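Asker: Got a structure for you, written out below as structure tokens; questions coming shortly.
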Amino acid sequence: MADQYGSGELRTTIMQNILIVNVPNEKTTDLVLALNGLELHVDVSAFWRGAIACTGTEFCKLAIAETKGFSKWLVSEMEERLPGFDQQIKLHVTGCTNSCGQHWIADIGLEGKKIKKDGRLVDAFYFCVGGAVGKFARTARPLGYRAAADDVPDAIERLLRGYLEARQPEEDLRAYFARTDDDSLRAQLAGTVIDPVERDAPPVGAGRHAPGE
């Protein structure tokens, strides 16, 4: 497609995207249609556009949680629950502390864990919010909240509905997270006031990408 519609060049981005460059305006529509035909959709929801996931337990021996299938399911849930959500949102999922899914620079970052639910050990995720790169660069804040994978859509829906109800005129998600304290955001995620839980320490030898090492 790069040869057919552009100059044959591909570029990669820090957000794990691939760019087809030097596409003449008159070929843009045909390229979009061709990409859509491969399910590489260009015109998508904010949730789909900003989603990133590492390889997870399917392919990585270091991962604790499955990520790829979970992320697709999570995006579909959020699209159904909050159709027309009007903000750009980076929703990043990583399967362990190594952060190959870049959860530390996401608006909402999910770090893979295991917890017991109904007597069974299940995939779970620890929540961080407010990360960014560029002009407003900062590391995402751990909120002291974790949830079983099945409960993550409920938690994110409560968090984003809280933002939509409380946001000030022209206030984006990044600014809302910056001005809202951890206890309030954690309560939104949980649906009630709860004490924070500690983030699991990175395992020995987790690598240079593990914060705190």
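Residues in the structure tokens are named by chain (A, B, ... in the order shown) and by number from 1 within that chain; ligands are numbered from 1 in the order shown.
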Tell me, which residues of range 16-146 of chain A carry DSSP helix (DSSP H, G or I), written as a VMD selection string?

Answerer: chain A and resid 25 to 37 46 to 49 56 to 58 68 to 81 103 to 105 134 to 136

Asker: Those same residues - N, CA and C atoms - I'd like them written as a CSV table (one decimal), in the first residue's frame.

Answerer:
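File selection-v7.csv, as written:
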```
chain,number,residue,atom,x,y,z
A,25,ASN,N,-3.1,13.9,-2.0
A,25,ASN,CA,-4.5,14.1,-1.5
A,25,ASN,C,-5.5,13.3,-2.3
A,26,GLU,N,-5.3,13.2,-3.6
A,26,GLU,CA,-6.3,12.5,-4.5
A,26,GLU,C,-6.3,11.0,-4.3
A,27,LYS,N,-5.3,10.5,-3.6
A,27,LYS,CA,-5.2,9.0,-3.3
A,27,LYS,C,-5.6,8.7,-1.9
A,28,THR,N,-5.9,9.7,-1.0
A,28,THR,CA,-6.1,9.4,0.4
A,28,THR,C,-7.4,8.6,0.6
A,29,THR,N,-8.5,8.9,-0.1
A,29,THR,CA,-9.7,8.2,0.1
A,29,THR,C,-9.6,6.7,-0.2
A,30,ASP,N,-8.9,6.5,-1.4
A,30,ASP,CA,-8.7,5.1,-1.8
A,30,ASP,C,-7.8,4.3,-0.8
A,31,LEU,N,-6.8,5.0,-0.2
A,31,LEU,CA,-6.0,4.3,0.8
A,31,LEU,C,-6.8,4.0,2.0
A,32,VAL,N,-7.6,4.9,2.5
A,32,VAL,CA,-8.4,4.7,3.7
A,32,VAL,C,-9.3,3.5,3.5
A,33,LEU,N,-10.0,3.4,2.3
A,33,LEU,CA,-10.9,2.3,2.0
A,33,LEU,C,-10.1,1.0,2.0
A,34,ALA,N,-8.9,1.0,1.4
A,34,ALA,CA,-8.1,-0.2,1.3
A,34,ALA,C,-7.7,-0.7,2.7
A,35,LEU,N,-7.3,0.3,3.6
A,35,LEU,CA,-6.9,-0.1,5.0
A,35,LEU,C,-8.1,-0.6,5.7
A,36,ASN,N,-9.3,0.0,5.6
A,36,ASN,CA,-10.5,-0.4,6.2
A,36,ASN,C,-10.8,-1.9,5.8
A,37,GLY,N,-10.5,-2.2,4.6
A,37,GLY,CA,-10.8,-3.5,4.1
A,37,GLY,C,-10.0,-4.6,4.8
A,46,ALA,N,-12.6,7.3,19.8
A,46,ALA,CA,-11.4,7.7,20.6
A,46,ALA,C,-10.8,6.6,21.4
A,47,PHE,N,-11.6,5.6,21.8
A,47,PHE,CA,-11.1,4.5,22.6
A,47,PHE,C,-10.2,3.6,21.7
A,48,TRP,N,-10.6,3.3,20.5
A,48,TRP,CA,-9.9,2.5,19.6
A,48,TRP,C,-8.6,3.2,19.2
A,49,ARG,N,-8.7,4.5,18.9
A,49,ARG,CA,-7.6,5.2,18.4
A,49,ARG,C,-6.4,5.3,19.4
A,56,GLY,N,1.6,-9.4,26.1
A,56,GLY,CA,0.9,-10.2,27.1
A,56,GLY,C,1.3,-11.6,27.2
A,57,THR,N,0.6,-12.4,28.0
A,57,THR,CA,0.9,-13.8,28.3
A,57,THR,C,0.9,-14.7,27.1
A,58,GLU,N,0.2,-14.2,26.0
A,58,GLU,CA,0.1,-15.1,24.8
A,58,GLU,C,1.5,-15.3,24.2
A,68,LYS,N,-3.8,-8.5,24.7
A,68,LYS,CA,-4.3,-8.2,23.4
A,68,LYS,C,-5.8,-8.4,23.3
A,69,GLY,N,-6.3,-9.6,23.6
A,69,GLY,CA,-7.7,-9.9,23.5
A,69,GLY,C,-8.5,-9.0,24.5
A,70,PHE,N,-7.8,-8.9,25.7
A,70,PHE,CA,-8.5,-8.0,26.7
A,70,PHE,C,-8.7,-6.6,26.2
A,71,SER,N,-7.7,-6.0,25.6
A,71,SER,CA,-7.8,-4.6,25.1
A,71,SER,C,-8.8,-4.5,24.0
A,72,LYS,N,-8.9,-5.4,23.1
A,72,LYS,CA,-10.0,-5.4,22.1
A,72,LYS,C,-11.4,-5.4,22.8
A,73,TRP,N,-11.5,-6.3,23.7
A,73,TRP,CA,-12.8,-6.4,24.5
A,73,TRP,C,-13.1,-5.1,25.2
A,74,LEU,N,-12.1,-4.6,25.9
A,74,LEU,CA,-12.2,-3.4,26.7
A,74,LEU,C,-12.7,-2.2,25.8
A,75,VAL,N,-12.0,-2.1,24.6
A,75,VAL,CA,-12.4,-1.0,23.7
A,75,VAL,C,-13.8,-1.1,23.3
A,76,SER,N,-14.2,-2.3,22.9
A,76,SER,CA,-15.6,-2.6,22.4
A,76,SER,C,-16.6,-2.2,23.5
A,77,GLU,N,-16.3,-2.6,24.8
A,77,GLU,CA,-17.1,-2.3,25.9
A,77,GLU,C,-17.3,-0.8,26.1
A,78,MET,N,-16.2,0.0,26.0
A,78,MET,CA,-16.2,1.4,26.2
A,78,MET,C,-17.0,2.1,25.1
A,79,GLU,N,-16.8,1.6,23.9
A,79,GLU,CA,-17.5,2.2,22.7
A,79,GLU,C,-19.0,2.0,22.9
A,80,GLU,N,-19.4,0.9,23.5
A,80,GLU,CA,-20.9,0.6,23.7
A,80,GLU,C,-21.4,1.4,24.9
A,81,ARG,N,-20.6,1.6,25.9
A,81,ARG,CA,-21.0,2.2,27.2
A,81,ARG,C,-21.0,3.8,27.0
A,103,HIS,N,2.2,2.1,29.9
A,103,HIS,CA,1.1,2.6,30.7
A,103,HIS,C,1.5,3.8,31.6
A,104,TRP,N,2.8,4.1,31.6
A,104,TRP,CA,3.2,5.2,32.4
A,104,TRP,C,3.1,6.6,31.7
A,105,ILE,N,2.8,6.5,30.4
A,105,ILE,CA,2.5,7.8,29.6
A,105,ILE,C,1.1,7.8,29.1
A,134,GLY,N,5.3,15.0,25.4
A,134,GLY,CA,5.2,16.3,24.7
A,134,GLY,C,5.2,17.5,25.7
A,135,LYS,N,4.4,18.5,25.3
A,135,LYS,CA,4.4,19.7,26.1
A,135,LYS,C,4.0,19.5,27.5
A,136,PHE,N,3.1,18.6,27.8
A,136,PHE,CA,2.6,18.4,29.2
A,136,PHE,C,3.1,17.1,29.7
```

Asker: Can you tell me, as a ChimeraX atom specification, what residues are no more than 12 Å from Ile18 in chain A when counting only C-alpha atoms, ignoring any on the same chain fewer than 3 positions away?

Answerer: /A:2,9-15,21,40,42

Asker: Give me, as an MDAnalysis selection string, the residues of chain A that a backbone DSSP run labels strand (DSSP E or B).

Answerer: chainID A and resid 10:12 18:20 51:53 91:94 108:117 120:129 132 138 141:148

Asker: Show me, as a ChimeraX atom specification, the residues that have an atom within 10 Å of Tyr176 in chain A when counting only C-alpha atoms, minus same-chain residues fewer than 6 positions from it.

Answerer: /A:130,163-164,166-168

Asker: Name the closest residue to Tyr126 in chain A among the candidates A:Gly162, A:Ile89, A:Gly84, A:Ala65; distances are taken between atoms, counting only C-alpha atoms.

Answerer: A:Ala65

Asker: What lies within 7 Å of Ile115 in chain A using only C-alpha atoms, ignoring chain neighbours under 5 positions off, as a list in words?

Answerer: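 Here the qualifying residues turn out to be Leu121, Val122, Asp123, Ala124 and Ala148 of chain A.
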
Asker: Export, as a PDB file, in the first residue's frame, the selected residues with C-alpha atoms.

Answerer:
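Contents of the output file result05.pdb:
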```pdb
ATOM      1  CA  LEU A 121      -6.763 -16.557  40.661  1.00  0.00           C
ATOM      2  CA  VAL A 122      -7.655 -14.252  37.749  1.00  0.00           C
ATOM      3  CA  ASP A 123      -6.076 -11.536  35.626  1.00  0.00           C
ATOM      4  CA  ALA A 124      -6.336  -8.091  37.145  1.00  0.00           C
ATOM      5  CA  ALA A 148     -10.180  -8.035  38.130  1.00  0.00           C
TER       6      ALA A 148
END
```

Asker: Using only C-alpha atoms for the distances, tell me which of A:Ala106, A:Ile194, A:Cys96, A:Met1 is nearest to Asp182 in chain A.

Answerer: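 The answer is A:Ile194, which sits nearest to Asp182 in chain A.
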
Asker: As an exercise, work out the distance from CA of Tyr145 in chain A to CA of Glu165 in chain A in Å and give it to one decimal place.

Answerer: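 Separating CA of Tyr145 in chain A from CA of Glu165 in chain A is a distance of 21.4 Å.
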
Asker: In Å, with one decimal, what is the gap from CA of Val44 in chain A to CA of Arg161 in chain A?

Answerer: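 So the answer is 20.5 Å.
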
Asker: Looking at A:Leu189, A:Leu91, A:Ala51, A:Ile20, which one is nearest to Val152 in chain A, with distances taken over only C-alpha atoms?

Answerer: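 Of A:Leu189, A:Leu91, A:Ala51, A:Ile20, the one nearest Val152 in chain A is A:Leu189, counting only C-alpha atoms.
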
Asker: Can you pull out the residues contacting Asp181 in chain A? Cut-off 12 Å, using only C-alpha atoms, and skip same-chain residues under 6 positions away; I want them as a list in words.

Answerer: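 My list of contacting residues is Val129, Gly130, Arg141, Pro142, Leu143, Ala175, Ala187 and Gln188 of chain A.
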
Asker: What's the 9 Å shell around Gly191 in chain A, counting only C-alpha atoms, without same-chain residues fewer than 5 positions away, as a VMD selection string?

Answerer: chain A and resid 155 158 to 159 186
